$ cat target_12.cif   # mmCIF, C-alpha atoms and all ligand atoms
data_run
loop_
_atom_site.label_atom_id
_atom_site.label_comp_id
_atom_site.auth_asym_id
_atom_site.auth_seq_id
_atom_site.Cartn_x
_atom_site.Cartn_y
_atom_site.Cartn_z
CA MET A 275 103.33 99.88 124.71
CA SER A 276 100.23 100.85 126.66
CA ASN A 277 97.25 98.50 127.09
CA LEU A 278 95.00 101.58 127.10
CA LYS A 279 93.65 101.88 123.58
CA HIS A 280 91.50 105.00 123.86
CA VAL A 281 92.42 107.97 126.04
CA ALA A 282 90.17 111.03 126.33
CA ILE A 283 91.30 114.30 127.92
CA ILE A 284 89.38 117.27 129.34
CA MET A 285 91.92 120.08 128.94
CA ASP A 286 90.77 122.17 131.89
CA GLY A 287 92.29 124.93 133.99
CA ASN A 288 93.45 127.31 131.24
CA GLY A 289 91.52 130.36 132.43
CA ARG A 290 92.56 129.98 136.08
CA TRP A 291 96.16 129.36 135.02
CA ALA A 292 96.16 132.69 133.17
CA ASN A 293 94.34 134.58 135.93
CA ARG A 294 96.89 133.41 138.49
CA ARG A 295 99.48 135.10 136.28
CA LEU A 296 97.34 138.24 136.06
CA ARG A 297 96.77 137.60 132.36
CA PRO A 298 93.43 137.39 130.49
CA ARG A 299 91.77 133.96 130.31
CA ILE A 300 92.44 133.67 126.60
CA TRP A 301 96.16 133.67 127.33
CA GLY A 302 95.62 130.37 129.10
CA HIS A 303 93.96 128.91 126.01
CA VAL A 304 96.80 130.15 123.80
CA ARG A 305 99.37 128.51 126.08
CA GLY A 306 97.17 125.43 126.39
CA SER A 307 96.95 125.01 122.64
CA GLY A 308 100.75 124.83 122.58
CA VAL A 309 100.61 121.74 124.82
CA VAL A 310 98.31 119.84 122.44
CA SER A 311 100.99 118.87 119.86
CA ASP A 312 103.32 117.50 122.57
CA ILE A 313 100.58 115.33 124.04
CA VAL A 314 99.52 114.07 120.60
CA GLN A 315 103.14 113.11 119.89
CA SER A 316 103.42 111.49 123.28
CA ALA A 317 100.22 109.44 122.78
CA ASP A 318 101.62 108.23 119.48
CA ASP A 319 104.95 107.29 121.11
CA LEU A 320 103.12 105.40 123.88
CA GLY A 321 101.27 103.29 121.32
CA ILE A 322 97.83 104.63 122.24
CA ARG A 323 95.35 103.84 119.46
CA ALA A 324 92.93 106.75 119.90
CA LEU A 325 93.23 110.15 121.59
CA THR A 326 90.16 112.35 121.99
CA LEU A 327 90.58 115.93 123.22
CA TYR A 328 87.75 118.14 124.50
CA ALA A 329 88.44 121.50 122.88
CA PHE A 330 85.01 123.22 122.95
CA SER A 331 81.81 122.03 124.59
CA THR A 332 78.24 122.94 123.65
CA GLU A 333 78.17 124.80 127.00
CA ASN A 334 81.23 126.93 126.11
CA TRP A 335 79.07 129.22 123.93
CA SER A 336 78.08 131.06 127.11
CA ARG A 337 81.64 132.42 127.51
CA PRO A 338 82.56 135.96 126.44
CA LEU A 339 82.62 136.36 122.66
CA GLU A 340 86.35 137.11 122.64
CA GLU A 341 87.06 133.81 124.39
CA VAL A 342 84.81 131.85 122.04
CA SER A 343 86.42 133.38 118.95
CA THR A 344 89.91 132.75 120.38
CA LEU A 345 89.09 129.06 120.73
CA PHE A 346 87.89 128.95 117.10
CA LYS A 347 91.08 130.69 115.97
CA LEU A 348 93.27 128.31 117.94
CA LEU A 349 91.65 125.32 116.28
CA LYS A 350 92.34 126.84 112.85
CA LYS A 351 95.89 127.79 113.80
CA PHE A 352 96.61 124.28 115.05
CA LEU A 353 95.39 122.74 111.80
CA VAL A 354 97.35 125.15 109.60
CA LYS A 355 100.52 124.51 111.61
CA GLU A 356 100.17 120.77 112.14
CA LYS A 357 98.42 119.36 109.06
CA ASP A 358 101.64 118.26 107.32
CA ARG A 359 103.00 116.73 110.51
CA LEU A 360 99.75 114.81 111.11
CA LEU A 361 100.00 113.36 107.63
CA ALA A 362 103.71 112.58 107.97
CA ASN A 363 103.07 110.85 111.30
CA ASN A 364 100.27 108.70 109.87
CA VAL A 365 97.68 110.30 112.20
CA LYS A 366 94.02 109.99 111.19
CA PHE A 367 92.30 113.22 112.21
CA LYS A 368 88.64 114.00 112.84
CA VAL A 369 86.55 116.65 114.55
CA ILE A 370 83.43 115.43 116.37
CA GLY A 371 80.56 117.72 117.36
CA ASP A 372 78.37 120.13 115.46
CA ILE A 373 80.86 122.14 113.43
CA ARG A 374 78.24 123.86 111.26
CA SER A 375 78.39 127.02 113.34
CA LEU A 376 82.15 127.46 112.83
CA PRO A 377 83.50 129.99 110.32
CA ALA A 378 83.34 128.63 106.73
CA ASP A 379 87.12 128.69 106.22
CA THR A 380 87.64 126.67 109.42
CA ILE A 381 85.08 124.09 108.30
CA GLU A 382 86.89 123.83 104.96
CA LEU A 383 90.21 123.34 106.70
CA ILE A 384 88.80 120.66 109.01
CA GLU A 385 87.37 118.83 106.02
CA GLU A 386 90.66 119.13 104.15
CA VAL A 387 92.69 117.67 107.03
CA GLU A 388 90.12 114.90 107.58
CA LYS A 389 90.28 114.07 103.88
CA THR A 390 94.07 114.11 103.52
CA THR A 391 94.54 111.92 106.60
CA ARG A 392 91.63 109.54 105.94
CA ASN A 393 93.83 106.63 104.86
CA ALA A 394 96.25 106.98 107.76
CA THR A 395 96.61 103.87 109.86
CA GLY A 396 98.25 105.32 112.98
CA LEU A 397 96.82 107.30 115.90
CA LEU A 398 93.12 108.20 115.68
CA LEU A 399 93.20 111.83 116.79
CA THR A 400 89.85 113.44 117.55
CA PHE A 401 89.05 116.98 118.61
CA ALA A 402 85.65 117.35 120.23
CA PHE A 403 84.49 120.79 119.19
CA ASN A 404 81.02 122.20 119.86
CA TYR A 405 80.53 118.74 121.31
CA GLY A 406 78.17 117.41 123.98
CA GLY A 407 77.89 113.78 125.04
CA ARG A 408 74.11 113.85 125.43
CA ALA A 409 73.72 115.54 122.04
CA GLU A 410 75.88 112.80 120.48
CA ILE A 411 73.62 110.07 121.92
CA VAL A 412 70.43 111.85 120.81
CA ARG A 413 71.91 112.33 117.32
CA ALA A 414 72.76 108.61 117.16
CA ILE A 415 69.23 107.58 118.23
CA ASN A 416 67.62 109.92 115.70
CA SER A 417 69.78 108.63 112.85
CA LEU A 418 68.95 105.02 113.77
CA GLN A 419 65.23 105.80 113.92
CA ILE A 420 65.35 107.44 110.51
CA GLU A 421 67.31 104.47 109.13
CA ASN A 422 64.86 101.91 110.49
CA PRO A 423 61.86 103.26 112.46
CA ASP A 424 60.52 99.81 113.38
CA LYS A 425 63.68 98.32 114.81
CA LEU A 426 64.44 98.26 118.53
CA ILE A 427 67.79 99.94 119.15
CA SER A 428 70.55 97.78 120.64
CA GLU A 429 73.76 98.81 122.42
CA GLU A 430 75.72 97.69 119.35
CA ASP A 431 73.54 99.91 117.10
CA LEU A 432 74.20 102.91 119.32
CA ALA A 433 77.92 102.24 119.59
CA ARG A 434 78.31 102.15 115.82
CA SER A 435 76.28 105.34 115.43
CA MET A 436 78.54 107.52 117.57
CA TYR A 437 80.55 110.19 115.76
CA ARG A 438 83.72 108.09 115.65
CA PRO A 439 82.90 104.46 116.39
CA GLU A 440 86.35 103.20 115.39
CA SER A 441 87.86 104.87 118.48
CA GLY A 442 85.83 102.47 120.63
CA ASP A 443 85.17 102.75 124.35
CA VAL A 444 87.26 105.17 126.37
CA ASP A 445 89.73 103.24 128.56
CA LEU A 446 91.02 106.27 130.42
CA MET A 447 89.59 109.75 130.88
CA ILE A 448 91.96 112.39 132.24
CA ARG A 449 90.85 115.78 133.48
CA THR A 450 93.41 118.46 134.25
CA GLY A 451 92.76 121.56 136.36
CA GLY A 452 91.68 119.95 139.63
CA GLU A 453 87.91 119.60 139.08
CA GLN A 454 86.39 116.13 139.35
CA ARG A 455 83.61 115.97 136.77
CA ILE A 456 83.18 114.53 133.30
CA SER A 457 81.19 117.53 132.00
CA ASN A 458 79.12 115.83 129.29
CA PHE A 459 82.19 114.34 127.60
CA MET A 460 82.04 110.92 125.87
CA LEU A 461 79.09 109.82 128.03
CA TRP A 462 78.40 106.68 126.02
CA GLN A 463 82.01 105.68 125.41
CA ALA A 464 83.22 106.29 128.97
CA ALA A 465 80.86 103.82 130.67
CA TYR A 466 83.79 101.71 131.97
CA ALA A 467 86.57 104.29 131.69
CA GLU A 468 89.19 104.68 134.36
CA LEU A 469 89.10 108.27 135.60
CA PHE A 470 92.16 110.30 136.48
CA PHE A 471 91.93 113.84 137.86
CA THR A 472 95.11 115.87 138.15
CA PRO A 473 95.45 119.28 139.82
CA THR A 474 97.88 120.34 137.07
CA SER A 475 96.39 123.03 134.83
CA TRP A 476 96.38 122.12 131.14
CA PRO A 477 99.05 124.71 130.16
CA ASP A 478 101.43 123.03 132.66
CA PHE A 479 100.58 119.47 131.61
CA THR A 480 103.65 117.70 130.23
CA PRO A 481 104.38 114.49 128.32
CA GLU A 482 106.18 113.27 131.48
CA GLU A 483 103.02 113.61 133.59
CA PHE A 484 100.98 112.03 130.80
CA ARG A 485 103.36 109.06 130.71
CA LYS A 486 103.19 108.67 134.51
CA ILE A 487 99.38 108.66 134.44
CA ILE A 488 99.38 106.04 131.69
CA ASP A 489 101.83 103.89 133.70
CA ASN A 490 99.76 104.32 136.86
CA VAL A 491 96.45 103.43 135.23
CA SER A 492 97.90 100.58 133.15
CA GLY A 493 98.64 98.88 136.47
CA ARG A 494 95.03 99.15 137.70
CA GLU A 495 92.81 96.14 137.52
CA ARG A 496 89.74 96.79 135.37
CA ARG A 497 86.84 94.60 136.40
CA PHE A 498 84.00 95.87 134.16
CA GLY A 499 81.48 95.24 136.91
CA ALA A 500 82.87 91.84 137.94
CA THR A 501 84.70 91.03 141.20
CA SER A 502 88.46 90.39 141.27
CA SER A 503 87.98 86.67 141.39
CA ARG A 504 85.54 86.85 138.47
CA VAL A 505 88.10 88.81 136.46
CA ALA A 506 90.72 86.18 137.22
CA LEU A 507 88.21 83.47 136.28
CA LYS A 508 87.38 85.28 133.03
CA GLN A 509 91.07 85.56 132.16
CA THR A 510 91.56 81.88 132.93
CA LEU A 511 88.55 80.91 130.81
CA SER A 512 89.68 83.08 127.94
CA GLN A 513 93.18 81.56 128.12
CA ALA A 514 91.58 78.11 128.23
CA GLU A 515 89.49 78.99 125.17
CA LYS A 516 92.60 80.12 123.29
CA ASN A 517 94.48 76.96 124.23
CA ARG A 518 91.54 74.79 123.19
CA SER A 519 91.28 76.47 119.85
CA ILE A 520 95.01 76.12 119.19
CA PHE A 521 94.84 72.42 120.00
CA SER A 522 91.68 71.81 118.01
CA GLN A 523 93.24 73.43 114.92
CA GLY A 524 96.39 71.39 115.40
CA THR A 525 98.45 74.58 115.03
CA LEU A 526 100.45 74.32 118.24
CA HIS A 527 103.75 74.19 116.34
CA HIS A 528 103.02 77.72 114.96
CA VAL A 529 102.73 79.33 118.40
C1 LIG A 601 88.67 124.57 129.75
O1 LIG A 601 89.47 125.48 130.48
C2 LIG A 601 89.17 124.49 128.40
C3 LIG A 601 88.51 124.87 127.31
C4 LIG A 601 87.14 125.39 127.35
C5 LIG A 601 89.12 124.82 126.01
C6 LIG A 601 90.35 123.97 125.86
C7 LIG A 601 91.02 124.42 124.67
C8 LIG A 601 92.35 124.48 124.49
C9 LIG A 601 93.34 123.96 125.43
C10 LIG A 601 92.91 125.10 123.29
C11 LIG A 601 92.28 124.56 122.03
C12 LIG A 601 93.32 124.12 121.18
C13 LIG A 601 93.15 123.46 120.05
C14 LIG A 601 94.35 123.08 119.33
C15 LIG A 601 91.84 123.11 119.52
P1 LIG A 601 88.77 126.67 131.25
O2 LIG A 601 88.88 127.88 130.42
O3 LIG A 601 87.38 126.27 131.61
O4 LIG A 601 89.66 126.81 132.49
P2 LIG A 601 89.17 127.28 133.93
O5 LIG A 601 88.40 126.13 134.51
O6 LIG A 601 90.45 127.54 134.63
O7 LIG A 601 88.33 128.50 133.75
#

$ encode --input "target_12.cif" --output "structure tokens"
Amino acid sequence: MSNLKHVAIIMDGNGRWANRRLRPRIWGHVRGSGVVSDIVQSADDLGIRALTLYAFSTENWSRPLEEVSTLFKLLKKFLVKEKDRLLANNVKFKVIGDIRSLPADTIELIEEVEKTTRNATGLLLTFAFNYGGRAEIVRAINSLQIENPDKLISEEDLARSMYRPESGDVDLMIRTGGEQRISNFMLWQAAYAELFFTPTSWPDFTPEEFRKIIDNVSGRERRFGATSSRVALKQTLSQAEKNRSIFSQGTLHHV
């Protein structure tokens, strides 16, 4: 089981993958959408708690209309094809981002899948669609100000006002396609994320590569701003705290 609870992926490189094969860019998205189910299954198998996939950014509107509408259609197609499997696999599904500009039937479908999977207790699967990290933070601040205009906003307030707070902080952000940017994705949640950039284009990304990345990153030391020795000290103190509490409750025989 992986110690990485929340993994976020920027599924990049679809257009270039298609162009290299002398096919239109949308072909890359079509092939890329086929990879999504395998990676969702793989995340579930690896015991990852939350998987967030960047499927359409607020900046993607500037692409040719045909490409934009293909991405909308692929989202719908995925949901039609996978909704029963998501439910059967205990996956709790949600779309984050401003979905109001999507076609009405797609919005209905999203809401239906969110509703039918709302009591699921397994993988938290999130598609970021018409999503921007800055827009998410601004939305959270505005909602907090409306809720309580006189209160100073804390980090905890902001964290619980993100689109999907239960997914928590991102532990690992992967970007396929060779670019090394985070492109306005999960800006708040990725503050301490490990970053992994692979040259593999998304349509060629496999569960095997995903597993290798998870293994590689699981072995990294995460210091959250502290030095190695501080991390070791923190672990020691936290172990000491646990031991103390076990002894003080007199529950040692249960351990
Ligand atoms: C970036 O690749 C990718 C996107 C803008 C969209 C990613 C979407 C999918 C993989 C399909 C969506 C599927 C579902 C199920 C919602 P790019 O086109 O920018 O690639 P490039 O950098 O090579 O041009």

$ closest_atom_pairs --input "target_12.cif" --of "range 355-401 of chain A" --to "range 275-281 of chain A" --cutoff "12 Å" --atoms "only C-alpha atoms" --output "Markdown table"
| residue | atom | partner | partner_atom | distance |
| --- | --- | --- | --- | --- |
| A:Leu397 | CA | A:His280 | CA | 9.8 |
| A:Leu398 | CA | A:His280 | CA | 8.9 |
| A:Leu399 | CA | A:His280 | CA | 10.0 |
| A:Thr400 | CA | A:Val281 | CA | 10.4 |

$ closest_residue --input "target_12.cif" --among "A:Glu382, A:Glu453, A:Glu340, A:Asp443" --to "ligand LIG 601 (chain A)" --atoms "only C-alpha atoms and all ligand atoms"
A:Glu453

$ residues_near_ligand --input "target_12.cif" --ligand "ligand LIG 601 (chain A)" --cutoff "7 Å" --atoms "all atoms listed in the file" --output "PDB file with C-alpha atoms, keeping the file's coordinate frame"
ATOM      1  CA  MET A 285      91.920 120.080 128.940  1.00  0.00           C
ATOM      2  CA  ASP A 286      90.770 122.170 131.890  1.00  0.00           C
ATOM      3  CA  GLY A 287      92.290 124.930 133.990  1.00  0.00           C
ATOM      4  CA  ASN A 288      93.450 127.310 131.240  1.00  0.00           C
ATOM      5  CA  GLY A 289      91.520 130.360 132.430  1.00  0.00           C
ATOM      6  CA  ARG A 290      92.560 129.980 136.080  1.00  0.00           C
ATOM      7  CA  TRP A 291      96.160 129.360 135.020  1.00  0.00           C
ATOM      8  CA  ARG A 299      91.770 133.960 130.310  1.00  0.00           C
ATOM      9  CA  HIS A 303      93.960 128.910 126.010  1.00  0.00           C
ATOM     10  CA  VAL A 304      96.800 130.150 123.800  1.00  0.00           C
ATOM     11  CA  GLY A 306      97.170 125.430 126.390  1.00  0.00           C
ATOM     12  CA  SER A 307      96.950 125.010 122.640  1.00  0.00           C
ATOM     13  CA  VAL A 310      98.310 119.840 122.440  1.00  0.00           C
ATOM     14  CA  TYR A 328      87.750 118.140 124.500  1.00  0.00           C
ATOM     15  CA  ALA A 329      88.440 121.500 122.880  1.00  0.00           C
ATOM     16  CA  PHE A 330      85.010 123.220 122.950  1.00  0.00           C
ATOM     17  CA  SER A 331      81.810 122.030 124.590  1.00  0.00           C
ATOM     18  CA  ASN A 334      81.230 126.930 126.110  1.00  0.00           C
ATOM     19  CA  LEU A 345      89.090 129.060 120.730  1.00  0.00           C
ATOM     20  CA  LEU A 348      93.270 128.310 117.940  1.00  0.00           C
ATOM     21  CA  LEU A 349      91.650 125.320 116.280  1.00  0.00           C
ATOM     22  CA  PHE A 352      96.610 124.280 115.050  1.00  0.00           C
ATOM     23  CA  PHE A 401      89.050 116.980 118.610  1.00  0.00           C
ATOM     24  CA  GLY A 451      92.760 121.560 136.360  1.00  0.00           C
ATOM     25  CA  TRP A 476      96.380 122.120 131.140  1.00  0.00           C
TER      26      TRP A 476
END

$ residues_around --input "target_12.cif" --residues "Arg455 in chain A" --least-positions-apart "2" --cutoff "10 Å" --atoms "only C-alpha atoms" --output "list in words"
Ile284, Arg449, Gly452, Glu453, Ser457, Asn458, Phe459, Leu469 and Phe471 of chain A

$ atom_distance --input "target_12.cif" --atom1 "CA of Gly407 in chain A" --atom2 "CA of Ile487 in chain A"
24.0 Å

$ atom_distance --input "target_12.cif" --atom1 "CA of Leu320 in chain A" --atom2 "CA of Ile456 in chain A"
23.9 Å

$ atom_distance --input "target_12.cif" --atom1 "CA of Ile300 in chain A" --atom2 "CA of Asp478 in chain A"
15.2 Å

$ axis_aligned_box --input "target_12.cif" --around "range 428-439 of chain A" --padding-each-side "5 Å" --output "JSON"
{"center_x": 77.1, "center_y": 103.9, "center_z": 118.9, "size_x": 23.2, "size_y": 22.5, "size_z": 17.0}

$ closest_residue --input "target_12.cif" --among "A:Val369, A:Met460, A:Leu426, A:Ala378" --to "Leu353 in chain A" --atoms "all atoms listed in the file"
A:Val369

$ closest_residue --input "target_12.cif" --among "A:Lys425, A:Ala414, A:Leu360, A:Arg408" --to "Asn393 in chain A" --atoms "only C-alpha atoms"
A:Leu360

$ residues_around --input "target_12.cif" --residues "Glu440 in chain A" --least-positions-apart "5" --cutoff "10 Å" --atoms "all atoms listed in the file" --output "ChimeraX atom specification"
/A:323-324,398,433-434

$ closest_residue --input "target_12.cif" --among "A:Gly396, A:Gly493, A:Gly442, A:Pro481" --to "Val309 in chain A" --atoms "only C-alpha atoms"
A:Pro481

$ closest_residue --input "target_12.cif" --among "A:Gly308, A:Leu325, A:Ser336, A:Lys368" --to "Lys351 in chain A" --atoms "only C-alpha atoms"
A:Gly308

$ closest_residue --input "target_12.cif" --among "A:Val365, A:Ala292, A:Met447, A:Ile370" --to "Arg413 in chain A" --atoms "all atoms listed in the file"
A:Ile370

$ residues_near_point --input "target_12.cif" --point "(76.9, 125.1, 113.8)" --cutoff "12 Å" --atoms "all atoms listed in the file" --output "NGL selection string"
:A and (332 or 335 or 370-378 or 380-381 or 403-405)
